[in-house]
Each structure stands twice: as C-alpha cells, then as structure tokens.
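Below is one structure, written out as structure tokens, with a few remarks after it.
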Number of protein chains: 2
Amino acid sequence: MQDQLSNTFAALADPTRRAILARLAMGETSVTELAQPFEMSMPAVSKHLKVLERAGLIARGREAQWRPCRLDAGPLKDAAGWIDAYRRFWAPYVDALERHLDRMSHPLSAKRKPSSTRRSANRRNHKGETK
Amino acid sequence: MQDQLSNTFAALADPTRRAILARLAMGETSVTELAQPFEMSMPAVSKHLKVLERAGLIARGREAQWRPCRLDAGPLKDAAGWIDAYRRFWAPYVDALERHLDRMSHPLSAKRKPSSTRRSANRRNHKGETK
DNA sequence: TCTACATTAAACCAATCGGTTATTTAACCG
DNA sequence: CGGTTAAATAACCGATTGGTTTAATGTAGA
C-alpha cells in the first residue's frame with residue numbers, strides 16, 4: 001500500500017488488530033494465545049498478524065513450533081507525529097478562534113470565481129468540456 | 001465499519017485523504033480546489049470527502065453551488081489518545097530512565113518493583129513447556 | 001429562461017479485505 | 001517411526017475500496 005504511514009493506519013483500522021497490539025503490550029506471546037479472545041479461526045488471526053507484521057508493528061520469533069509475536073511500536077511514532085500536527089485543531093477554544101480567523105481571511109462567499117484557466121493535470125475529455 | 005476509532009484510522013490510511021486534511025488545516029475550501037493537486041477525477045475526490053465526512057473528520061457547508069469543507073479534528077483526539085498508550089514502547093530510553101528514577105525514589109523496595117508491563121516481563125507459559 | 005458551473009449520484013470494474021474450510025509444513029515427544 | 005501440536009498456506013467467498021465514465025442535480029448569472 002505504498003507508504004509506511006498508510007500501512008500503519010490501515011493496520012490500526014481494525015478492532016481485532018488493535019486488541020492484538022494491546023495484548024502484546026503486556027508481553028510477547030504465541031499465536032494461539034493471541035487468538036483465544038476472538039471468535040474467529042486461527043487462519044483469520046494469522047492474517048491479521050501478517051498485516052501487523054507488514055506494517056512493522058510486530059516482529060516474530062521462532063521457538064520450537066511456536067512463532068512468538070512481540071510488539072514493535074516504532075511505526076506508531078510516525079503515526080502519532082502525523083496526528084500531533086493537528087493537535088491545536090481539537091483544542092476547542094483554539095479551534096473556534098481558528099475558524100473565526102479563517103472566515104476573515106478566506107471569504108468563500110465573495111465574488112470571484114476562479115476564471116476558467118484551470119490546469120487540471122490530465123483531465124479526460126469529458127463530453128461537453130468546452131473551455 | 002463499527003466503531004468510531006476504526007473509521008478514523010481507516011480514513012487516515014490513504015495519502016490522498018491525509019493530503020486533503022493537510023490542506024483543510026490551512027482553511028476551509030471548495031471541492032474543486034481540494035481536487036486540484038491530485039491526478040484523479042472529481043468523483044474520486046468526492047468519494048474521499050465522503051469517507052472523511054463519515055469519519056467525522058470534515059464537515060461541509062453550503063454556499064451557493066459550492067460545498068465548502070472544513071476540518072473537524074475531533075476524532076483525531078481519540079486516535080492520538082489510543083496511540084499515546086504505546087508511547088513508552090517507542091521511547092526505550094525514557095522507559096529505562098523511568099525505571100531508574102523509580103529505583104532511586106524507592107530504594108527500599110529493591111526486590112520486586114511493579115514496573116507493570118515491561119516487554120520481557122511475562123515470559124511465555126506454553127502448556128507443554130517442560131524444560 | 002437558458003446556460004454554465006460545482007458537485008454528487010449511478011453504474012461499473014479490478015483489487016483488496018476479512019473471513020471461512022481444508023491442507024500443508026514444521027517441530028516436539030513417546 | 002507415528003502421532004500430536006502450532007502455525008501458515010491455498011483456495012474460495014462476499015463485501016468493501018478506490019478508481020473510472022456517464023448522467024443528474026442545484027445554483028448563479030447573463
């Protein structure tokens with residue numbers, strides 16, 4: 001899925017996988033034990049683990065017939081960093097102020113319409129595109 | 001997709017949508033302007049906006065024929081909160097420092113300090129572990 | 001009122017997702 | 001060796017995703 005950040009967020013976008021990470025935060029464990037709380041088959045859990053592994057959120061060892069999983073929170077750092085850039089937007093006062101200032105400086109309701117010299121990289125020839 | 005948190009992470013798991021949010025952080029704007037940097041059709045962008053809207057990350061107004069979008073970072077707060085629970089797992093130094101300071105301030109409890117969830121704290125307990 | 005414009009809706013498509021069952025691989029143990 | 005256990009793979013399935021093209025909707029303005 002292209003970039004690391006997208007992989008990370010996609011991996012987090014599933015409650016089962018988040019629960020798996022939460023369990024792994026308490027310590028390394030086996031796949032069967034990870035699967036225990038869920039009402040799904042082992043292969044399903046195995047697939048979730050593969051998603052987490054591809055995202056770099058877990059690493060796996062080898063111990064006899066067990067494949068222990070351990071948390072690797074490294075990618076979460078970047079995810080947190082990305083989200084953190086928006087922190088000021090959920091501080092309510094700052095948010096309201098922000099909207100106010102935005103309304104002052106970007107009056108969308110104003111007269112101008114952006115004059116049809118628009119670039120639009122590879123706009124396909126839609127039927128009536130008479131510019 | 002069930003829960004709010006999953007919706008939020010899923011919405012963030014796409015570079016186009018993250019770019020849209022980044023643009024909206026600079027102020028409310030129209031769909032056409034949002035679509036401008038991307039090499040995809042307008043309906044594609046419209047769909048991305050719908051995903052963001054379903055996740056509660058944007059809100060939309062009505063202003064003549066324009067449907068201005070504005071950022072609503074509220075859901076990001078929960079996302080950040082979730083990830084933050086793992087912060088100590090990507091800050092090993094801080095973690096080690098914490099343990100050190102803990103030991104310094106409780107010098108008499110040398111035997112079993114709680115240090116609740118160290119990575120290697122609970123070793124596997126497989127049932128057939130007859131080592 | 002007619003036309004242009006901004007946006008969404010509809011219908012379609014290939015790829016991916018999240019799950020299943022059945023099979024296979026790999027290691028242990030008696 | 002044969003049997004059991006842990007886990008992964010294969011093959012399949014329906015739903016969703018991310019994109020397309022075409023068509024419809026709603027508003028502004030000459």
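If you're wondering about the labels, chains in the structure tokens are A, B, ... by order shown, residues count from 1 in each chain, ligands from 1 in order shown.
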Region 9-24 of chain D environment, 12 Å, only C-alpha atoms (C1' of nucleotides), sequence neighbours closer than 4 positions dropped, as a PyMOL selection string: (chain A and resi 43+46-47+124-128) or (chain B and resi 1+10-11+13-14+16-17+39-48+51) or (chain C and resi 7-25)
Using only C-alpha atoms, determine which residues of chain A fall within 6 Å of chain B; present them as an MDAnalysis selection string. chainID A and resid 6 9:10 13:14 26:27 29 73:74 89:90 102
Can you build me a table of chain D residues sitting at most 8 Å from chain A, with the closest atom pair per residue and its distance in Å to one decimal, using only C-alpha atoms (C1' of nucleotides), sorted by chain and residue number, as JSON lines?
{"residue": "D:DT5", "atom": "C1'", "partner": "A:Gln65", "partner_atom": "CA", "distance": 7.9}
{"residue": "D:DA6", "atom": "C1'", "partner": "A:Gln65", "partner_atom": "CA", "distance": 5.4}
{"residue": "D:DA7", "atom": "C1'", "partner": "A:Arg67", "partner_atom": "CA", "distance": 7.3}
{"residue": "D:DA8", "atom": "C1'", "partner": "A:Ser46", "partner_atom": "CA", "distance": 7.6}
With C-alpha atoms (C1' of nucleotides) retained, could you export that selection as a compact mmCIF listing (two decimals), in the first residue's frame?
# COMPACT_ATOMS: atom_id res chain seq x y z
C1' DT D 5 0.51 -29.73 18.26
C1' DA D 6 1.39 -24.79 16.35
C1' DA D 7 1.09 -22.18 12.67
C1' DA D 8 0.98 -20.99 7.82
So which one's closest to chain C, A:Arg62, A:Ala19, A:Leu52, A:Leu24? Using only C-alpha atoms (C1' of nucleotides), please.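 Smallest distance to chain C is found for A:Arg62.
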Work out how far CA of Leu34 (chain B) is from CA of Ile20 (chain B), in Å to one decimal.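 It comes out at 6.5 Å.
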Pairwise distance for CA of Arg23 (chain B) and CA of Arg60 (chain B), rounded to one decimal in Å: 14.7 Å
